[in-house]
Every structure is written in C-alpha cells, then in structure tokens.
file protein-v4.pdb (PDB, N, CA and C atoms)
ATOM      1  N   MET A   1       0.842  -1.170   0.000
ATOM      2  CA  MET A   1       0.000   0.000   0.000
ATOM      3  C   MET A   1       0.889   1.235   0.000
ATOM      4  N   ALA A   2       0.611   2.166  -0.867
ATOM      5  CA  ALA A   2       1.383   3.404  -0.928
ATOM      6  C   ALA A   2       0.568   4.524  -0.315
ATOM      7  N   SER A   3       1.198   5.334   0.484
ATOM      8  CA  SER A   3       0.523   6.465   1.103
ATOM      9  C   SER A   3       1.392   7.699   0.988
ATOM     10  N   ILE A   4       0.762   8.828   0.841
ATOM     11  CA  ILE A   4       1.446  10.114   0.882
ATOM     12  C   ILE A   4       0.934  10.797   2.127
ATOM     13  N   LEU A   5       1.833  11.171   3.026
ATOM     14  CA  LEU A   5       1.392  11.729   4.293
ATOM     15  C   LEU A   5       2.266  12.893   4.685
ATOM     16  N   SER A   6       1.644  14.001   4.972
ATOM     17  CA  SER A   6       2.330  15.151   5.541
ATOM     18  C   SER A   6       1.755  15.352   6.922
ATOM     19  N   VAL A   7       2.603  15.465   7.915
ATOM     20  CA  VAL A   7       2.142  15.577   9.284
ATOM     21  C   VAL A   7       2.076  17.040   9.670
ATOM     22  N   GLY A   8       0.961  17.473  10.212
ATOM     23  CA  GLY A   8       0.827  18.864  10.620
ATOM     24  C   GLY A   8      -0.340  19.051  11.557
ATOM     25  N   ILE A   9      -0.521  20.252  12.026
ATOM     26  CA  ILE A   9      -1.636  20.576  12.917
ATOM     27  C   ILE A   9      -2.427  21.702  12.280
ATOM     28  N   PRO A  10      -3.690  21.627  12.075
ATOM     29  CA  PRO A  10      -4.435  20.387  11.934
ATOM     30  C   PRO A  10      -4.223  19.816  10.545
ATOM     31  N   PHE A  11      -4.726  18.636  10.297
ATOM     32  CA  PHE A  11      -4.592  18.103   8.954
ATOM     33  C   PHE A  11      -5.902  17.473   8.540
ATOM     34  N   GLY A  12      -6.077  17.330   7.236
ATOM     35  CA  GLY A  12      -7.293  16.728   6.708
ATOM     36  C   GLY A  12      -7.029  16.173   5.334
ATOM     37  N   LEU A  13      -7.933  15.336   4.871
ATOM     38  CA  LEU A  13      -7.774  14.765   3.545
ATOM     39  C   LEU A  13      -7.937  15.848   2.492
ATOM     40  N   SER A  14      -6.976  15.912   1.574
ATOM     41  CA  SER A  14      -7.059  16.909   0.524
ATOM     42  C   SER A  14      -7.897  16.393  -0.636
ATOM     43  N   SER A  15      -8.070  15.108  -0.726
ATOM     44  CA  SER A  15      -8.913  14.513  -1.751
ATOM     45  C   SER A  15      -9.385  13.168  -1.237
ATOM     46  N   PRO A  16     -10.475  12.657  -1.789
ATOM     47  CA  PRO A  16     -10.935  11.354  -1.325
ATOM     48  C   PRO A  16      -9.913  10.271  -1.657
ATOM     49  N   GLN A  17     -10.030   9.175  -0.956
ATOM     50  CA  GLN A  17      -9.128   8.062  -1.204
ATOM     51  C   GLN A  17      -9.271   7.610  -2.650
ATOM     52  N   GLN A  18      -8.154   7.342  -3.305
ATOM     53  CA  GLN A  18      -8.167   6.941  -4.697
ATOM     54  C   GLN A  18      -7.515   5.578  -4.831
ATOM     55  N   GLN A  19      -7.942   4.825  -5.833
ATOM     56  CA  GLN A  19      -7.318   3.550  -6.116
ATOM     57  C   GLN A  19      -6.534   3.676  -7.407
ATOM     58  N   LEU A  20      -5.330   3.117  -7.403
ATOM     59  CA  LEU A  20      -4.465   3.131  -8.568
ATOM     60  C   LEU A  20      -4.269   1.699  -9.006
ATOM     61  N   LYS A  21      -4.736   1.371 -10.228
ATOM     62  CA  LYS A  21      -4.579   0.018 -10.752
ATOM     63  C   LYS A  21      -3.316  -0.037 -11.592
ATOM     64  N   THR A  22      -2.503  -1.056 -11.344
ATOM     65  CA  THR A  22      -1.266  -1.220 -12.093
ATOM     66  C   THR A  22      -1.221  -2.615 -12.698
ATOM     67  N   SER A  23      -0.579  -2.722 -13.842
ATOM     68  CA  SER A  23      -0.377  -4.009 -14.498
ATOM     69  C   SER A  23       1.117  -4.241 -14.633
ATOM     70  N   THR A  24       1.546  -5.450 -14.353
ATOM     71  CA  THR A  24       2.960  -5.796 -14.493
ATOM     72  C   THR A  24       3.070  -7.170 -15.149
ATOM     73  N   ARG A  25       4.223  -7.433 -15.706
ATOM     74  CA  ARG A  25       4.501  -8.748 -16.284
ATOM     75  C   ARG A  25       5.633  -9.385 -15.488
ATOM     76  N   VAL A  26       5.379 -10.590 -14.998
ATOM     77  CA  VAL A  26       6.389 -11.350 -14.276
ATOM     78  C   VAL A  26       6.528 -12.692 -14.982
ATOM     79  N   GLY A  27       7.676 -12.912 -15.589
ATOM     80  CA  GLY A  27       7.900 -14.171 -16.293
ATOM     81  C   GLY A  27       6.914 -14.405 -17.415
ATOM     82  N   GLY A  28       6.509 -13.348 -18.104
ATOM     83  CA  GLY A  28       5.577 -13.467 -19.217
ATOM     84  C   GLY A  28       4.119 -13.513 -18.803
ATOM     85  N   VAL A  29       3.839 -13.511 -17.506
ATOM     86  CA  VAL A  29       2.462 -13.567 -17.007
ATOM     87  C   VAL A  29       2.042 -12.174 -16.559
ATOM     88  N   ALA A  30       0.901 -11.721 -17.066
ATOM     89  CA  ALA A  30       0.391 -10.404 -16.692
ATOM     90  C   ALA A  30      -0.347 -10.497 -15.363
ATOM     91  N   THR A  31      -0.034  -9.579 -14.453
ATOM     92  CA  THR A  31      -0.734  -9.519 -13.170
ATOM     93  C   THR A  31      -1.228  -8.100 -12.953
ATOM     94  N   GLN A  32      -2.303  -7.979 -12.218
ATOM     95  CA  GLN A  32      -2.840  -6.660 -11.887
ATOM     96  C   GLN A  32      -2.905  -6.524 -10.380
ATOM     97  N   SER A  33      -2.657  -5.314  -9.904
ATOM     98  CA  SER A  33      -2.787  -5.045  -8.478
ATOM     99  C   SER A  33      -3.420  -3.671  -8.289
ATOM    100  N   THR A  34      -3.992  -3.477  -7.138
ATOM    101  CA  THR A  34      -4.620  -2.199  -6.802
ATOM    102  C   THR A  34      -3.955  -1.657  -5.559
ATOM    103  N   ARG A  35      -3.529  -0.382  -5.605
ATOM    104  CA  ARG A  35      -2.950   0.287  -4.444
ATOM    105  C   ARG A  35      -3.866   1.437  -4.069
ATOM    106  N   ARG A  36      -4.083   1.604  -2.795
ATOM    107  CA  ARG A  36      -4.863   2.746  -2.316
ATOM    108  C   ARG A  36      -3.907   3.883  -2.026
ATOM    109  N   MET A  37      -4.274   5.086  -2.430
ATOM    110  CA  MET A  37      -3.441   6.255  -2.179
ATOM    111  C   MET A  37      -4.282   7.311  -1.485
ATOM    112  N   VAL A  38      -3.741   7.865  -0.411
ATOM    113  CA  VAL A  38      -4.411   8.921   0.328
ATOM    114  C   VAL A  38      -3.459  10.097   0.422
ATOM    115  N   ALA A  39      -3.922  11.278   0.076
ATOM    116  CA  ALA A  39      -3.104  12.479   0.211
ATOM    117  C   ALA A  39      -3.619  13.266   1.410
ATOM    118  N   VAL A  40      -2.721  13.621   2.305
ATOM    119  CA  VAL A  40      -3.064  14.399   3.493
ATOM    120  C   VAL A  40      -2.235  15.665   3.456
ATOM    121  N   LYS A  41      -2.864  16.805   3.698
ATOM    122  CA  LYS A  41      -2.117  18.054   3.665
ATOM    123  C   LYS A  41      -2.362  18.857   4.925
ATOM    124  N   ALA A  42      -1.391  19.679   5.266
ATOM    125  CA  ALA A  42      -1.529  20.565   6.418
ATOM    126  C   ALA A  42      -2.424  21.725   6.032
ATOM    127  N   GLU A  43      -3.198  22.185   6.980
ATOM    128  CA  GLU A  43      -4.060  23.330   6.737
ATOM    129  C   GLU A  43      -3.624  24.489   7.622
ATOM    130  N   GLY A  44      -3.708  25.680   7.111
ATOM    131  CA  GLY A  44      -3.486  26.860   7.927
ATOM    132  C   GLY A  44      -2.045  27.168   8.263
ATOM    133  N   GLY A  45      -1.156  27.201   7.290
ATOM    134  CA  GLY A  45       0.170  27.718   7.562
ATOM    135  C   GLY A  45       1.314  26.740   7.548
ATOM    136  N   GLY A  46       1.105  25.520   7.191
ATOM    137  CA  GLY A  46       2.217  24.607   7.049
ATOM    138  C   GLY A  46       2.445  23.695   8.232
ATOM    139  N   ILE A  47       3.478  22.895   8.113
ATOM    140  CA  ILE A  47       3.790  21.857   9.083
ATOM    141  C   ILE A  47       4.787  22.343  10.123
ATOM    142  N   ASN A  48       5.811  23.058   9.679
ATOM    143  CA  ASN A  48       6.901  23.505  10.541
ATOM    144  C   ASN A  48       6.487  24.749  11.321
ATOM    145  N   PRO A  49       6.340  24.652  12.657
ATOM    146  CA  PRO A  49       5.882  25.809  13.424
ATOM    147  C   PRO A  49       6.948  26.891  13.625
ATOM    148  N   GLU A  50       8.253  26.497  13.757
ATOM    149  CA  GLU A  50       9.247  27.522  14.089
ATOM    150  C   GLU A  50      10.694  27.147  13.827
ATOM    151  N   ILE A  51      10.965  25.995  13.291
ATOM    152  CA  ILE A  51      12.348  25.525  13.149
ATOM    153  C   ILE A  51      13.004  26.092  11.894
ATOM    154  N   ARG A  52      14.078  26.877  12.083
ATOM    155  CA  ARG A  52      14.910  27.415  11.016
ATOM    156  C   ARG A  52      14.080  28.035   9.885
ATOM    157  N   LYS A  53      13.133  28.889  10.257
ATOM    158  CA  LYS A  53      12.229  29.514   9.290
ATOM    159  C   LYS A  53      12.939  30.486   8.352
ATOM    160  N   SER A  54      14.140  30.946   8.689
ATOM    161  CA  SER A  54      14.865  31.876   7.826
ATOM    162  C   SER A  54      15.469  31.167   6.607
ATOM    163  N   GLU A  55      15.498  29.838   6.627
ATOM    164  CA  GLU A  55      16.040  29.073   5.500
ATOM    165  C   GLU A  55      14.949  28.810   4.465
ATOM    166  N   ASP A  56      15.338  28.783   3.178
ATOM    167  CA  ASP A  56      14.376  28.482   2.116
ATOM    168  C   ASP A  56      13.801  27.083   2.274
ATOM    169  N   LYS A  57      14.653  26.127   2.661
ATOM    170  CA  LYS A  57      14.240  24.742   2.835
ATOM    171  C   LYS A  57      15.096  24.137   3.936
ATOM    172  N   VAL A  58      14.480  23.441   4.871
ATOM    173  CA  VAL A  58      15.225  22.791   5.950
ATOM    174  C   VAL A  58      15.642  21.410   5.458
ATOM    175  N   VAL A  59      16.939  21.230   5.294
ATOM    176  CA  VAL A  59      17.485  19.956   4.820
ATOM    177  C   VAL A  59      18.619  19.538   5.751
ATOM    178  N   ASP A  60      18.572  18.308   6.207
ATOM    179  CA  ASP A  60      19.635  17.751   7.018
ATOM    180  C   ASP A  60      20.075  16.439   6.381
ATOM    181  N   SER A  61      21.372  16.182   6.380
ATOM    182  CA  SER A  61      21.867  14.898   5.889
ATOM    183  C   SER A  61      22.717  14.266   6.980
ATOM    184  N   VAL A  62      22.708  12.950   7.014
ATOM    185  CA  VAL A  62      23.397  12.199   8.052
ATOM    186  C   VAL A  62      24.231  11.111   7.389
ATOM    187  N   VAL A  63      25.477  11.017   7.778
ATOM    188  CA  VAL A  63      26.326   9.908   7.343
ATOM    189  C   VAL A  63      26.191   8.842   8.433
ATOM    190  N   VAL A  64      25.480   7.773   8.122
ATOM    191  CA  VAL A  64      25.128   6.763   9.119
ATOM    192  C   VAL A  64      26.366   6.174   9.791
ATOM    193  N   THR A  65      27.442   5.989   9.051
ATOM    194  CA  THR A  65      28.652   5.401   9.638
ATOM    195  C   THR A  65      29.303   6.317  10.665
ATOM    196  N   GLU A  66      28.946   7.605  10.680
ATOM    197  CA  GLU A  66      29.519   8.563  11.621
ATOM    198  C   GLU A  66      28.652   8.790  12.862
ATOM    199  N   LEU A  67      27.548   8.077  12.981
ATOM    200  CA  LEU A  67      26.701   8.219  14.161
ATOM    201  C   LEU A  67      27.448   7.741  15.400
ATOM    202  N   ALA A  68      27.280   8.461  16.508
ATOM    203  CA  ALA A  68      27.980   8.119  17.750
ATOM    204  C   ALA A  68      27.328   6.929  18.463
ATOM    205  N   LYS A  69      26.018   6.782  18.314
ATOM    206  CA  LYS A  69      25.294   5.722  19.011
ATOM    207  C   LYS A  69      24.836   4.664  18.006
ATOM    208  N   PRO A  70      24.563   3.435  18.480
ATOM    209  CA  PRO A  70      24.072   2.400  17.559
ATOM    210  C   PRO A  70      22.697   2.732  16.968
ATOM    211  N   VAL A  71      21.866   3.462  17.733
ATOM    212  CA  VAL A  71      20.550   3.902  17.254
ATOM    213  C   VAL A  71      20.391   5.374  17.615
ATOM    214  N   THR A  72      20.043   6.198  16.625
ATOM    215  CA  THR A  72      19.824   7.626  16.852
ATOM    216  C   THR A  72      18.439   7.995  16.346
ATOM    217  N   ALA A  73      17.647   8.675  17.179
ATOM    218  CA  ALA A  73      16.277   9.055  16.816
ATOM    219  C   ALA A  73      16.259  10.477  16.259
ATOM    220  N   TYR A  74      15.655  10.635  15.083
ATOM    221  CA  TYR A  74      15.512  11.939  14.440
ATOM    222  C   TYR A  74      14.047  12.342  14.413
ATOM    223  N   CYS A  75      13.810  13.624  14.640
ATOM    224  CA  CYS A  75      12.460  14.179  14.732
ATOM    225  C   CYS A  75      11.742  14.147  13.386
ATOM    226  N   ARG A  76      10.456  13.775  13.416
ATOM    227  CA  ARG A  76       9.604  13.869  12.234
ATOM    228  C   ARG A  76       8.355  14.713  12.515
ATOM    229  N   CYS A  77       8.202  15.197  13.751
ATOM    230  CA  CYS A  77       6.991  15.961  14.095
ATOM    231  C   CYS A  77       7.206  17.466  14.049
ATOM    232  N   TRP A  78       8.434  17.919  13.881
ATOM    233  CA  TRP A  78       8.797  19.335  13.819
ATOM    234  C   TRP A  78       8.555  20.052  15.140
ATOM    235  N   ARG A  79       8.474  19.345  16.255
ATOM    236  CA  ARG A  79       8.211  19.976  17.549
ATOM    237  C   ARG A  79       9.401  19.857  18.505
ATOM    238  N   SER A  80      10.445  19.147  18.125
ATOM    239  CA  SER A  80      11.574  18.870  19.005
ATOM    240  C   SER A  80      12.377  20.119  19.336
ATOM    241  N   GLY A  81      12.727  20.271  20.602
ATOM    242  CA  GLY A  81      13.603  21.360  21.021
ATOM    243  C   GLY A  81      15.054  21.102  20.675
ATOM    244  N   THR A  82      15.357  19.882  20.237
ATOM    245  CA  THR A  82      16.717  19.522  19.841
ATOM    246  C   THR A  82      16.777  19.148  18.355
ATOM    247  N   PHE A  83      15.852  19.681  17.566
ATOM    248  CA  PHE A  83      15.776  19.358  16.140
ATOM    249  C   PHE A  83      17.149  19.501  15.483
ATOM    250  N   PRO A  84      17.577  18.571  14.657
ATOM    251  CA  PRO A  84      16.821  17.486  14.037
ATOM    252  C   PRO A  84      16.716  16.213  14.883
ATOM    253  N   LEU A  85      17.308  16.200  16.069
ATOM    254  CA  LEU A  85      17.190  15.025  16.925
ATOM    255  C   LEU A  85      15.848  15.018  17.651
ATOM    256  N   CYS A  86      15.325  13.851  17.911
ATOM    257  CA  CYS A  86      14.052  13.693  18.607
ATOM    258  C   CYS A  86      14.257  13.892  20.107
ATOM    259  N   ASP A  87      13.352  14.646  20.741
ATOM    260  CA  ASP A  87      13.390  14.794  22.198
ATOM    261  C   ASP A  87      12.101  14.265  22.837
ATOM    262  N   GLY A  88      11.282  13.560  22.054
ATOM    263  CA  GLY A  88      10.039  12.996  22.576
ATOM    264  C   GLY A  88       8.852  13.934  22.490
ATOM    265  N   SER A  89       9.008  15.096  21.875
ATOM    266  CA  SER A  89       7.905  16.065  21.771
ATOM    267  C   SER A  89       6.708  15.511  21.012
ATOM    268  N   HIS A  90       6.915  14.491  20.191
ATOM    269  CA  HIS A  90       5.817  13.909  19.426
ATOM    270  C   HIS A  90       4.755  13.295  20.342
ATOM    271  N   VAL A  91       5.140  12.878  21.546
ATOM    272  CA  VAL A  91       4.172  12.285  22.474
ATOM    273  C   VAL A  91       3.092  13.309  22.824
ATOM    274  N   LYS A  92       3.492  14.524  23.178
ATOM    275  CA  LYS A  92       2.547  15.600  23.497
ATOM    276  C   LYS A  92       1.735  15.975  22.261
ATOM    277  N   HIS A  93       2.413  16.090  21.115
ATOM    278  CA  HIS A  93       1.737  16.408  19.850
ATOM    279  C   HIS A  93       0.675  15.349  19.533
ATOM    280  N   ASN A  94       1.030  14.078  19.641
ATOM    281  CA  ASN A  94       0.087  13.003  19.325
ATOM    282  C   ASN A  94      -1.143  13.041  20.224
ATOM    283  N   LYS A  95      -0.927  13.278  21.527
ATOM    284  CA  LYS A  95      -2.061  13.356  22.455
ATOM    285  C   LYS A  95      -2.949  14.549  22.146
ATOM    286  N   ALA A  96      -2.347  15.679  21.756
ATOM    287  CA  ALA A  96      -3.109  16.903  21.498
ATOM    288  C   ALA A  96      -3.972  16.806  20.252
ATOM    289  N   VAL A  97      -3.478  16.131  19.211
ATOM    290  CA  VAL A  97      -4.202  16.136  17.932
ATOM    291  C   VAL A  97      -4.639  14.754  17.459
ATOM    292  N   GLY A  98      -4.350  13.715  18.236
ATOM    293  CA  GLY A  98      -4.742  12.367  17.837
ATOM    294  C   GLY A  98      -3.899  11.804  16.707
ATOM    295  N   ASP A  99      -2.674  12.282  16.582
ATOM    296  CA  ASP A  99      -1.769  11.821  15.530
ATOM    297  C   ASP A  99      -1.016  10.592  16.017
ATOM    298  N   ASN A 100      -0.203  10.002  15.157
ATOM    299  CA  ASN A 100       0.581   8.833  15.543
ATOM    300  C   ASN A 100       2.033   8.928  15.069
ATOM    301  N   VAL A 101       2.528  10.139  14.879
ATOM    302  CA  VAL A 101       3.897  10.322  14.379
ATOM    303  C   VAL A 101       4.912   9.919  15.441
ATOM    304  N   GLY A 102       6.012   9.367  14.981
ATOM    305  CA  GLY A 102       7.118   8.986  15.858
ATOM    306  C   GLY A 102       8.420   9.337  15.169
ATOM    307  N   PRO A 103       9.556   9.043  15.806
ATOM    308  CA  PRO A 103      10.844   9.429  15.246
ATOM    309  C   PRO A 103      11.280   8.516  14.111
ATOM    310  N   LEU A 104      12.243   9.002  13.344
ATOM    311  CA  LEU A 104      12.960   8.182  12.380
ATOM    312  C   LEU A 104      14.167   7.624  13.117
ATOM    313  N   LEU A 105      14.308   6.309  13.173
ATOM    314  CA  LEU A 105      15.423   5.692  13.863
ATOM    315  C   LEU A 105      16.491   5.293  12.852
ATOM    316  N   LEU A 106      17.688   5.858  13.019
ATOM    317  CA  LEU A 106      18.824   5.491  12.169
ATOM    318  C   LEU A 106      19.713   4.547  12.959
ATOM    319  N   LYS A 107      20.036   3.407  12.337
ATOM    320  CA  LYS A 107      20.855   2.402  12.994
ATOM    321  C   LYS A 107      22.172   2.252  12.268
ATOM    322  N   LYS A 108      23.226   2.101  13.056
ATOM    323  CA  LYS A 108      24.557   1.876  12.484
ATOM    324  C   LYS A 108      24.628   0.528  11.843
TER     325      LYS A 108
END

call {"tool": "encode", "arguments": {"input": "protein-v4.pdb", "output": "structure tokens"}}
result
Amino acid sequence: MASILSVGIPFGLSSPQQQLKTSTRVGGVATQSTRRMVAVKAEGGGINPEIRKSEDKVVDSVVVTELAKPVTAYCRCWRSGTFPLCDGSHVKHNKAVGDNVGPLLLKK
C-alpha cells in the first residue's frame, strides 16, 4: 500500500481516497494489483511551526557510519527542542491532535 502523508496541525484529507490500478509482467504472465493512495495536507500555515524559518528549505543529511550511538532518533513531528534530533515532543503532539507520528530511527 502506498501512502502520501504530511504531518501537521491540523490536517485533513485533501482529496478522497483513490485507487491506482497497475499491471505488471512477471515471467511473461500479466498480473494486476490495486494500491490505495491517500493524500493528506496541512491546513493553515504549514507543518513547521518555528524551526529554522529563515532558510528556504530545511534539509539535514546524516552519514550513518559517523553516528555516535548504535541507534539515533531523528524528529519527524517538527516539535523537538533539539531538532533534528528527537526529544520525545511527538508524544505531546500526538495526544493533542490524535496523531501517531514517531521518530525516524537510524541504525549503524
């Protein structure tokens, strides 16, 4: 199943759920599959409330082999006081808006 999801406060469906039918050939045999796609967009000013707003685009890159810990959590909710690292702020965000966002875990 493929999904497009942007996390923000508040959020809503930008269009009804759509089905995408695809056809593929595997070993000369034609197969068909259906994927559901849902687009969710932030309403009222975007997703990022205050992090590095002076930049045109917030981009961070990580060289996984240079991580200090075996597992490092990176923020995906845009609420962390230690952005781009996760500080657990998503827990409060999830309770406030009924979301289910969590960190991106990078492993060595």

call {"tool": "atom_distance", "arguments": {"input": "protein-v4.pdb", "atom1": "atom CA of Lys107 of chain A", "atom2": "atom CA of Lys69 of chain A"}}
result
8.2 Å

call {"tool": "atom_distance", "arguments": {"input": "protein-v4.pdb", "atom1": "atom N of Gly81 of chain A", "atom2": "atom CA of Val59 of chain A"}}
result
16.5 Å

call {"tool": "atom_distance", "arguments": {"input": "protein-v4.pdb", "atom1": "atom C of Ser61 of chain A", "atom2": "atom CA of Lys92 of chain A"}}
result
26.1 Å

call {"tool": "residues_around", "arguments": {"input": "protein-v4.pdb", "residues": "Val64 of chain A", "least_positions_apart": "4", "cutoff": "10 Å", "atoms": "only C-alpha atoms", "output": "PyMOL selection string"}}
result
chain A and resi 68-72+106-108

call {"tool": "resolve_selection", "arguments": {"input": "protein-v4.pdb", "expression": "the PyMOL selection byres ((chain A and resi 85) around 7)", "output": "ChimeraX atom specification"}}
result
/A:73-76,80-84,86-88

call {"tool": "select_by_dssp", "arguments": {"input": "protein-v4.pdb", "residues": "segment 33-100 of chain A", "states": "strand (DSSP E)", "output": "ChimeraX atom specification"}}
result
/A:33-37,40-42,71-74

call {"tool": "resolve_selection", "arguments": {"input": "protein-v4.pdb", "expression": "the PyMOL selection byres ((chain A and resi 101) around 8)", "output": "PyMOL selection string"}}
result
chain A and resi 7+76-77+90-91+93-94+98-100+102-104
